[in-house]
Amino acid sequence: MSLVIDIIISGLISGSIFALLAIGFSLIFGVARIVNISHTAFFMVAAYCIYAATNYLGLNPFAAMIIAIVLVTLLGMICYKLFINAIREHEGAVLIATIALGMIFQEIMTLIFGSSFISVPALIEGYFVLLGVKVFYQQLLTFGAAMFVLAILMLFLFKTKLGLAIRSTAQDREVANLMGINEAWLAMVTMGISVGLAAFTGAIVVPLTILEPNMWLPPMIMMMAVVVLGGLGSLKGSFVGAYILGFAEALVVFLAPMGSFLKGPVALSIMILVLLIRPEGLFGVYFEEER
Amino acid sequence: MKLILFYLRKLITIIKNEVLTLPSRVAVVLFFFFILLLPLFTDDTYILRVFTLASIFAIFAASWDLLSGYTGQMNFGHALFFGVGAYSAALFNVHAHIPPWASIPLGALVAVGAGLIVGIPSLRLKGTYLALTTLAFPIILLQGVVFAFPDFTGGELGISGIAKLSPTRFGDYYIVSVLMLGLCMIMWKITDSDTGIIFHAIREDEIAVRASGVNTTRYKLLAFSLSGFFAGVAGGLYAHFMRIAGPSTLDVSLSFQAVIWTIFGGVVTIYGPVAAVFLLYPLLEFMHFAQEYRMLMFAVIVLISLLYMPDGLFKWLREKIEKECPRCKVRNIAMRSTCRICTAPLD
């Protein structure tokens, strides 16, 4: 019984984290057709920002989180303006520009903080026992915050005018442009939202994980698997896909503790199997080929 | 005797009329001379080692260009072919005691098999889906197979005790560099043939190609296996040169390196990735005086050069020094005001 609860908790938390990352990645891909490899690098930068703010500046963790999210969002928009906007027409160039950005962030963080493992104390200490399983308050907080932000994001996307603009641009760029949507401005704003989501994910994940400059690569691969599994550009797909892969990871880790290195391959194999049956992902719509 | 003189005269005419008139062809000839004559000027082990590795990675990057540049099938998991080539050459050599001259081609054939296994499911996918799916394959292989059977594959440490490529370092250098020149010429000839034209067309408009009665599935599989073969050769050479086949040959960053080299040098060219590897790899190695900063500098150089040359550095350079005749489509040096073949004015 305790095993089941362990699996559920771990699956829910990693699922929510993947969902936040994947939805941010989907948003900018939908609006601007940018495959932003450096998406999780922003997540790493936010995590390090919080570490620096709490450790060196002595801020309380909550203020550090807000500062980190604002700073990283600005950083993302500046990077977009400087490096990506100019070469947006060249798909391949955008791809390696974002890879290079990720590498740059990783190297800068290594220079500043070193490549050793760092951990950040939890926002709320303590735990309660549920059917013989320790549930840390921090885990509940992470899950709750993720749900809260996802709900706000859904409200924003489906109830506001800006959200409508983002969804319509994702569906058809040219027609959206004809309807008077300033596409270049919208891409910039979406980049801000997307990076902001990554930064928020970093902020709520920090106390649960270990910081190191390489930490952006594993979630990047899982995030891409989630996005492809759910269907590119489909928010519902990203959401469902994230929990499928999150629970798959948790199942492998808890049912086969000796083979926990298999969690990546199992999740990725699920993605490939789904793609074999449905090439457009679970909820993807097959776009008419863009010419 | 007369025949030899005839061919000699023909050769001189070709060099005079076809090679010396175009700076890019002169550059290619100079590159050949540089590669083949380098050991005469230096016998520094370090420099020879750097250029041997650069040759191996040049084959690897060019094979990515052959697949992803030409047919447009974005492959983000190109390290799969490199790693499969390296591991199988190493296994053939260590367990079956097959010498390098046979284990490298055998490893490359196994990589072709891997190319087919990846290619068949991937053919249903397009664009970004394909790119993100292929990213998964080397990770599945690395964590799901290599780490799961550490007795057979060496686990984290990899397979060591592989036979040397040749007894001397000059031998190593010449085997690798001559193979590199040969294989890259073969790749370039493939892309210049009818098959290459179909590859181009598949990238531009696959539906139109299918409508003209070409079995695009077969050509895409052909591209996957060709690319897998060349990358597998590069992997086998790497295993025998470094005498170790470890998890780094299947790393995500190696796949990204191939993409960076190719797009930096100029995609859909074959010469672009080769030149980019020979520019960037030694540059990165010789920056060892600033160990901590070199990856950072590498990424910054790539990012900045992309801002000004999104089509790739060497494509950009070629556009600067050569012009295409608007009438007969023959390339001319940029200084000429009229075409060298049809004398049409060049704008």
# chains A, B, ... in the order shown; residues from 1 in each chain; ligands from 1
$ interface_residues --of "chain A" --to "chain B" --cutoff "7 Å" --atoms "only C-alpha atoms" --output "ChimeraX atom specification"
/A:83,86-87,90,92-93,96-97,100,103-104,107,224,228,261-262,265,268,272,276,279
$ write_last_selection --atoms "N, CA and C atoms" --output "JSON list (two decimals), in the first residue's frame"
[["chain", "number", "residue", "atom", "x", "y", "z"],
["A", 83, "PHE", "N", 19.13, 37.29, -30.14],
["A", 83, "PHE", "CA", 19.73, 36.18, -30.88],
["A", 83, "PHE", "C", 18.76, 35.42, -31.77],
["A", 86, "ALA", "N", 16.35, 37.71, -35.04],
["A", 86, "ALA", "CA", 17.00, 38.07, -36.30],
["A", 86, "ALA", "C", 17.06, 36.90, -37.27],
["A", 87, "ILE", "N", 17.09, 35.66, -36.75],
["A", 87, "ILE", "CA", 17.30, 34.51, -37.63],
["A", 87, "ILE", "C", 16.09, 33.59, -37.64],
["A", 90, "HIS", "N", 15.31, 31.13, -40.50],
["A", 90, "HIS", "CA", 16.18, 29.98, -40.76],
["A", 90, "HIS", "C", 15.99, 28.96, -39.63],
["A", 92, "GLY", "N", 17.05, 25.89, -39.11],
["A", 92, "GLY", "CA", 18.24, 25.23, -38.57],
["A", 92, "GLY", "C", 19.06, 26.16, -37.71],
["A", 93, "ALA", "N", 19.18, 27.42, -38.15],
["A", 93, "ALA", "CA", 19.97, 28.37, -37.39],
["A", 93, "ALA", "C", 19.37, 28.62, -36.02],
["A", 96, "ILE", "N", 20.33, 25.70, -33.66],
["A", 96, "ILE", "CA", 21.63, 25.66, -32.98],
["A", 96, "ILE", "C", 21.84, 26.92, -32.18],
["A", 97, "ALA", "N", 21.14, 28.01, -32.51],
["A", 97, "ALA", "CA", 21.25, 29.19, -31.65],
["A", 97, "ALA", "C", 20.75, 28.85, -30.25],
["A", 100, "ALA", "N", 23.20, 26.58, -28.53],
["A", 100, "ALA", "CA", 24.35, 27.36, -28.08],
["A", 100, "ALA", "C", 23.99, 28.17, -26.84],
["A", 103, "MET", "N", 24.13, 25.91, -23.90],
["A", 103, "MET", "CA", 25.51, 25.65, -23.51],
["A", 103, "MET", "C", 26.12, 26.85, -22.80],
["A", 104, "ILE", "N", 25.80, 28.06, -23.30],
["A", 104, "ILE", "CA", 26.36, 29.27, -22.69],
["A", 104, "ILE", "C", 25.90, 29.38, -21.24],
["A", 107, "GLU", "N", 27.72, 26.87, -19.10],
["A", 107, "GLU", "CA", 29.12, 27.22, -18.83],
["A", 107, "GLU", "C", 29.22, 28.38, -17.85],
["A", 224, "MET", "N", 10.72, 17.07, -24.17],
["A", 224, "MET", "CA", 10.47, 16.86, -25.60],
["A", 224, "MET", "C", 9.66, 15.60, -25.83],
["A", 228, "VAL", "N", 6.09, 15.54, -27.77],
["A", 228, "VAL", "CA", 5.85, 14.72, -28.94],
["A", 228, "VAL", "C", 4.75, 13.70, -28.67],
["A", 261, "PHE", "N", 17.92, 3.26, -13.48],
["A", 261, "PHE", "CA", 18.49, 3.95, -14.64],
["A", 261, "PHE", "C", 17.65, 3.69, -15.88],
["A", 262, "LEU", "N", 16.71, 2.73, -15.78],
["A", 262, "LEU", "CA", 15.87, 2.41, -16.93],
["A", 262, "LEU", "C", 14.70, 3.38, -17.09],
["A", 265, "PRO", "N", 14.79, 5.31, -20.56],
["A", 265, "PRO", "CA", 14.45, 4.46, -21.71],
["A", 265, "PRO", "C", 13.01, 4.01, -21.72],
["A", 268, "LEU", "N", 10.84, 6.91, -22.84],
["A", 268, "LEU", "CA", 11.04, 7.22, -24.26],
["A", 268, "LEU", "C", 10.48, 6.12, -25.15],
["A", 272, "ILE", "N", 7.82, 6.34, -28.27],
["A", 272, "ILE", "CA", 8.01, 5.81, -29.62],
["A", 272, "ILE", "C", 6.88, 4.87, -29.99],
["A", 276, "LEU", "N", 4.30, 5.24, -33.13],
["A", 276, "LEU", "CA", 4.16, 4.22, -34.17],
["A", 276, "LEU", "C", 2.69, 4.04, -34.53],
["A", 279, "PRO", "N", 1.11, 8.81, -35.52],
["A", 279, "PRO", "CA", 2.29, 9.63, -35.81],
["A", 279, "PRO", "C", 2.14, 11.08, -35.36]]
$ residues_around --residues "Arg173 in chain A" --least-positions-apart "5" --cutoff "9 Å" --atoms "only C-alpha atoms" --output "ChimeraX atom specification"
/A:31-32,168,178,183
$ write_last_selection --atoms "N, CA and C atoms" --output "PDB file, in the first residue's frame"
ATOM      1  N   VAL A  31       3.342  29.363 -31.370  1.00  0.00           N
ATOM      2  CA  VAL A  31       3.209  30.730 -31.855  1.00  0.00           C
ATOM      3  C   VAL A  31       4.299  31.079 -32.852  1.00  0.00           C
ATOM      4  N   ALA A  32       5.559  30.731 -32.539  1.00  0.00           N
ATOM      5  CA  ALA A  32       6.647  31.218 -33.377  1.00  0.00           C
ATOM      6  C   ALA A  32       7.387  30.114 -34.110  1.00  0.00           C
ATOM      7  N   SER A 168      -4.881  31.556 -31.533  1.00  0.00           N
ATOM      8  CA  SER A 168      -5.174  31.676 -32.971  1.00  0.00           C
ATOM      9  C   SER A 168      -3.890  31.750 -33.786  1.00  0.00           C
ATOM     10  N   LEU A 178      -3.537  38.567 -40.552  1.00  0.00           N
ATOM     11  CA  LEU A 178      -4.528  39.324 -41.319  1.00  0.00           C
ATOM     12  C   LEU A 178      -5.611  39.896 -40.419  1.00  0.00           C
ATOM     13  N   GLU A 183       2.116  39.955 -34.911  1.00  0.00           N
ATOM     14  CA  GLU A 183       2.692  38.630 -34.716  1.00  0.00           C
ATOM     15  C   GLU A 183       4.059  38.717 -34.048  1.00  0.00           C
TER      16      GLU A 183
END
$ residues_around --residues "His200 in chain B" --least-positions-apart "6" --cutoff "12 Å" --atoms "only C-alpha atoms" --output "PyMOL selection string"
chain B and resi 65-73+190-194+206+208-209+216+219-220+223+267-269
$ write_last_selection --atoms "C-alpha atoms" --output "PDB file, in the first residue's frame"
ATOM      1  CA  ASP B  65      24.600  16.579 -43.641  1.00  0.00           C
ATOM      2  CA  LEU B  66      23.991  13.746 -46.114  1.00  0.00           C
ATOM      3  CA  LEU B  67      20.911  12.643 -44.175  1.00  0.00           C
ATOM      4  CA  SER B  68      19.474  15.718 -42.502  1.00  0.00           C
ATOM      5  CA  GLY B  69      20.789  18.424 -44.768  1.00  0.00           C
ATOM      6  CA  TYR B  70      19.936  16.785 -48.074  1.00  0.00           C
ATOM      7  CA  THR B  71      16.726  14.913 -47.392  1.00  0.00           C
ATOM      8  CA  GLY B  72      15.587  17.270 -44.634  1.00  0.00           C
ATOM      9  CA  GLN B  73      14.966  14.369 -42.229  1.00  0.00           C
ATOM     10  CA  ILE B 190      26.486  10.700 -54.061  1.00  0.00           C
ATOM     11  CA  THR B 191      24.858  14.049 -53.443  1.00  0.00           C
ATOM     12  CA  ASP B 192      25.887  15.212 -56.906  1.00  0.00           C
ATOM     13  CA  SER B 193      24.308  12.197 -58.619  1.00  0.00           C
ATOM     14  CA  ASP B 194      20.684  11.536 -59.597  1.00  0.00           C
ATOM     15  CA  GLU B 206       8.028  15.463 -50.736  1.00  0.00           C
ATOM     16  CA  ALA B 208       5.607  16.588 -55.469  1.00  0.00           C
ATOM     17  CA  VAL B 209       8.336  13.934 -55.608  1.00  0.00           C
ATOM     18  CA  THR B 216      10.273   8.419 -51.489  1.00  0.00           C
ATOM     19  CA  TYR B 219      15.049   6.931 -50.903  1.00  0.00           C
ATOM     20  CA  LYS B 220      14.634   8.076 -47.321  1.00  0.00           C
ATOM     21  CA  ALA B 223      19.628   8.099 -46.970  1.00  0.00           C
ATOM     22  CA  VAL B 267      24.010  22.854 -44.479  1.00  0.00           C
ATOM     23  CA  VAL B 268      23.407  20.914 -47.752  1.00  0.00           C
ATOM     24  CA  THR B 269      27.009  21.280 -48.926  1.00  0.00           C
TER      25      THR B 269
END
$ select_by_dssp --residues "range 48-279 of chain A" --states "strand (DSSP E)" --output "MDAnalysis selection string"
chainID A and resid 127:130 133:136
$ atom_distance --atom1 "CA of Val72 in chain A" --atom2 "CA of Ala41 in chain A"
10.3 Å
$ residues_around --residues "range 230-241 of chain A" --least-positions-apart "3" --cutoff "7 Å" --atoms "only C-alpha atoms" --output "PyMOL selection string"
chain A and resi 19+22-23+26-27+29-30+226-227+244-245+280-284
$ decode --residues "range 54-171 of chain B" --atoms "C-alpha atoms" --output "PDB file, in the first residue's frame"
ATOM      1  CA  ALA B  54      39.110  16.261 -36.545  1.00  0.00           C
ATOM      2  CA  SER B  55      39.148  13.919 -39.565  1.00  0.00           C
ATOM      3  CA  ILE B  56      36.991  11.375 -37.720  1.00  0.00           C
ATOM      4  CA  PHE B  57      34.478  14.025 -36.706  1.00  0.00           C
ATOM      5  CA  ALA B  58      34.520  15.477 -40.236  1.00  0.00           C
ATOM      6  CA  ILE B  59      33.228  12.127 -41.580  1.00  0.00           C
ATOM      7  CA  PHE B  60      30.622  12.129 -38.823  1.00  0.00           C
ATOM      8  CA  ALA B  61      29.412  15.693 -39.463  1.00  0.00           C
ATOM      9  CA  ALA B  62      29.335  15.192 -43.244  1.00  0.00           C
ATOM     10  CA  SER B  63      27.223  12.063 -42.791  1.00  0.00           C
ATOM     11  CA  TRP B  64      24.721  14.120 -40.785  1.00  0.00           C
ATOM     12  CA  ASP B  65      24.600  16.579 -43.641  1.00  0.00           C
ATOM     13  CA  LEU B  66      23.991  13.746 -46.114  1.00  0.00           C
ATOM     14  CA  LEU B  67      20.911  12.643 -44.175  1.00  0.00           C
ATOM     15  CA  SER B  68      19.474  15.718 -42.502  1.00  0.00           C
ATOM     16  CA  GLY B  69      20.789  18.424 -44.768  1.00  0.00           C
ATOM     17  CA  TYR B  70      19.936  16.785 -48.074  1.00  0.00           C
ATOM     18  CA  THR B  71      16.726  14.913 -47.392  1.00  0.00           C
ATOM     19  CA  GLY B  72      15.587  17.270 -44.634  1.00  0.00           C
ATOM     20  CA  GLN B  73      14.966  14.369 -42.229  1.00  0.00           C
ATOM     21  CA  MET B  74      16.137  16.169 -39.086  1.00  0.00           C
ATOM     22  CA  ASN B  75      18.054  13.557 -37.089  1.00  0.00           C
ATOM     23  CA  PHE B  76      18.838  14.675 -33.562  1.00  0.00           C
ATOM     24  CA  GLY B  77      20.190  11.313 -32.535  1.00  0.00           C
ATOM     25  CA  HIS B  78      23.056  10.975 -34.948  1.00  0.00           C
ATOM     26  CA  ALA B  79      25.321   9.799 -32.129  1.00  0.00           C
ATOM     27  CA  LEU B  80      23.355   6.536 -32.343  1.00  0.00           C
ATOM     28  CA  PHE B  81      25.182   5.573 -35.556  1.00  0.00           C
ATOM     29  CA  PHE B  82      28.535   6.748 -34.203  1.00  0.00           C
ATOM     30  CA  GLY B  83      28.034   4.856 -30.939  1.00  0.00           C
ATOM     31  CA  VAL B  84      26.747   1.684 -32.609  1.00  0.00           C
ATOM     32  CA  GLY B  85      29.714   1.772 -34.990  1.00  0.00           C
ATOM     33  CA  ALA B  86      32.163   2.296 -32.150  1.00  0.00           C
ATOM     34  CA  TYR B  87      30.672  -0.305 -29.813  1.00  0.00           C
ATOM     35  CA  SER B  88      30.252  -3.006 -32.440  1.00  0.00           C
ATOM     36  CA  ALA B  89      33.746  -2.478 -33.875  1.00  0.00           C
ATOM     37  CA  ALA B  90      35.066  -2.722 -30.322  1.00  0.00           C
ATOM     38  CA  LEU B  91      33.053  -5.879 -29.553  1.00  0.00           C
ATOM     39  CA  PHE B  92      34.109  -7.543 -32.815  1.00  0.00           C
ATOM     40  CA  ASN B  93      37.710  -6.682 -32.042  1.00  0.00           C
ATOM     41  CA  VAL B  94      37.822  -7.609 -28.370  1.00  0.00           C
ATOM     42  CA  HIS B  95      35.606 -10.692 -28.311  1.00  0.00           C
ATOM     43  CA  ALA B  96      36.047 -12.132 -31.809  1.00  0.00           C
ATOM     44  CA  HIS B  97      39.620 -10.833 -32.333  1.00  0.00           C
ATOM     45  CA  ILE B  98      38.786  -9.410 -35.731  1.00  0.00           C
ATOM     46  CA  PRO B  99      41.513  -6.957 -36.869  1.00  0.00           C
ATOM     47  CA  PRO B 100      40.618  -3.261 -37.393  1.00  0.00           C
ATOM     48  CA  TRP B 101      40.480  -3.420 -41.199  1.00  0.00           C
ATOM     49  CA  ALA B 102      37.546  -5.827 -40.924  1.00  0.00           C
ATOM     50  CA  SER B 103      35.958  -4.748 -37.639  1.00  0.00           C
ATOM     51  CA  ILE B 104      35.416  -1.140 -38.766  1.00  0.00           C
ATOM     52  CA  PRO B 105      33.398  -2.055 -41.890  1.00  0.00           C
ATOM     53  CA  LEU B 106      31.514  -4.704 -39.893  1.00  0.00           C
ATOM     54  CA  GLY B 107      30.718  -2.095 -37.240  1.00  0.00           C
ATOM     55  CA  ALA B 108      29.562   0.260 -39.969  1.00  0.00           C
ATOM     56  CA  LEU B 109      27.243  -2.458 -41.312  1.00  0.00           C
ATOM     57  CA  VAL B 110      25.752  -2.877 -37.842  1.00  0.00           C
ATOM     58  CA  ALA B 111      25.249   0.903 -37.827  1.00  0.00           C
ATOM     59  CA  VAL B 112      23.418   0.574 -41.162  1.00  0.00           C
ATOM     60  CA  GLY B 113      21.171  -1.952 -39.436  1.00  0.00           C
ATOM     61  CA  ALA B 114      20.592   0.572 -36.669  1.00  0.00           C
ATOM     62  CA  GLY B 115      19.836   3.177 -39.338  1.00  0.00           C
ATOM     63  CA  LEU B 116      17.165   0.891 -40.788  1.00  0.00           C
ATOM     64  CA  ILE B 117      15.693   0.110 -37.361  1.00  0.00           C
ATOM     65  CA  VAL B 118      15.465   3.826 -36.586  1.00  0.00           C
ATOM     66  CA  GLY B 119      14.494   4.762 -40.109  1.00  0.00           C
ATOM     67  CA  ILE B 120      11.484   2.486 -40.543  1.00  0.00           C
ATOM     68  CA  PRO B 121       9.414   3.873 -37.634  1.00  0.00           C
ATOM     69  CA  SER B 122      10.699   7.388 -38.267  1.00  0.00           C
ATOM     70  CA  LEU B 123       9.467   7.484 -41.836  1.00  0.00           C
ATOM     71  CA  ARG B 124       5.918   8.105 -40.688  1.00  0.00           C
ATOM     72  CA  LEU B 125       7.020  11.198 -38.787  1.00  0.00           C
ATOM     73  CA  LYS B 126       7.884  14.595 -40.142  1.00  0.00           C
ATOM     74  CA  GLY B 127       9.868  17.652 -39.177  1.00  0.00           C
ATOM     75  CA  THR B 128       9.976  18.405 -35.490  1.00  0.00           C
ATOM     76  CA  TYR B 129       8.328  15.108 -34.513  1.00  0.00           C
ATOM     77  CA  LEU B 130      11.093  13.243 -36.274  1.00  0.00           C
ATOM     78  CA  ALA B 131      13.793  15.431 -34.735  1.00  0.00           C
ATOM     79  CA  LEU B 132      12.516  14.932 -31.201  1.00  0.00           C
ATOM     80  CA  THR B 133      11.902  11.191 -31.665  1.00  0.00           C
ATOM     81  CA  THR B 134      15.347  10.446 -33.045  1.00  0.00           C
ATOM     82  CA  LEU B 135      16.776  12.272 -30.041  1.00  0.00           C
ATOM     83  CA  ALA B 136      15.379   9.433 -27.922  1.00  0.00           C
ATOM     84  CA  PHE B 137      17.072   6.476 -29.653  1.00  0.00           C
ATOM     85  CA  PRO B 138      20.689   6.914 -28.468  1.00  0.00           C
ATOM     86  CA  ILE B 139      19.427   7.528 -24.928  1.00  0.00           C
ATOM     87  CA  ILE B 140      17.363   4.336 -24.999  1.00  0.00           C
ATOM     88  CA  LEU B 141      20.363   2.418 -26.303  1.00  0.00           C
ATOM     89  CA  LEU B 142      22.762   3.959 -23.800  1.00  0.00           C
ATOM     90  CA  GLN B 143      20.674   3.616 -20.659  1.00  0.00           C
ATOM     91  CA  GLY B 144      18.530   0.667 -21.651  1.00  0.00           C
ATOM     92  CA  VAL B 145      21.172  -1.599 -23.203  1.00  0.00           C
ATOM     93  CA  VAL B 146      24.691  -0.406 -22.424  1.00  0.00           C
ATOM     94  CA  PHE B 147      24.087   0.228 -18.738  1.00  0.00           C
ATOM     95  CA  ALA B 148      21.802  -2.791 -18.377  1.00  0.00           C
ATOM     96  CA  PHE B 149      24.459  -5.311 -19.477  1.00  0.00           C
ATOM     97  CA  PRO B 150      27.664  -3.969 -17.922  1.00  0.00           C
ATOM     98  CA  ASP B 151      29.453  -7.337 -18.204  1.00  0.00           C
ATOM     99  CA  PHE B 152      29.225  -7.284 -21.963  1.00  0.00           C
ATOM    100  CA  THR B 153      29.481  -3.563 -22.736  1.00  0.00           C
ATOM    101  CA  GLY B 154      31.647  -2.337 -19.879  1.00  0.00           C
ATOM    102  CA  GLY B 155      28.891  -0.126 -18.443  1.00  0.00           C
ATOM    103  CA  GLU B 156      30.046   3.360 -17.489  1.00  0.00           C
ATOM    104  CA  LEU B 157      33.690   2.589 -18.234  1.00  0.00           C
ATOM    105  CA  GLY B 158      33.193   1.336 -21.766  1.00  0.00           C
ATOM    106  CA  ILE B 159      35.176  -1.300 -23.636  1.00  0.00           C
ATOM    107  CA  SER B 160      38.938  -0.952 -23.448  1.00  0.00           C
ATOM    108  CA  GLY B 161      41.834  -2.988 -24.765  1.00  0.00           C
ATOM    109  CA  ILE B 162      40.915  -2.479 -28.411  1.00  0.00           C
ATOM    110  CA  ALA B 163      43.621  -3.138 -31.014  1.00  0.00           C
ATOM    111  CA  LYS B 164      45.551  -0.155 -32.337  1.00  0.00           C
ATOM    112  CA  LEU B 165      44.646   1.148 -35.775  1.00  0.00           C
ATOM    113  CA  SER B 166      48.295   0.982 -36.869  1.00  0.00           C
ATOM    114  CA  PRO B 167      51.653   0.638 -35.085  1.00  0.00           C
ATOM    115  CA  THR B 168      52.717   4.298 -35.502  1.00  0.00           C
ATOM    116  CA  ARG B 169      50.982   7.619 -35.056  1.00  0.00           C
ATOM    117  CA  PHE B 170      51.794   8.582 -38.658  1.00  0.00           C
ATOM    118  CA  GLY B 171      50.058   5.396 -39.723  1.00  0.00           C
TER     119      GLY B 171
END
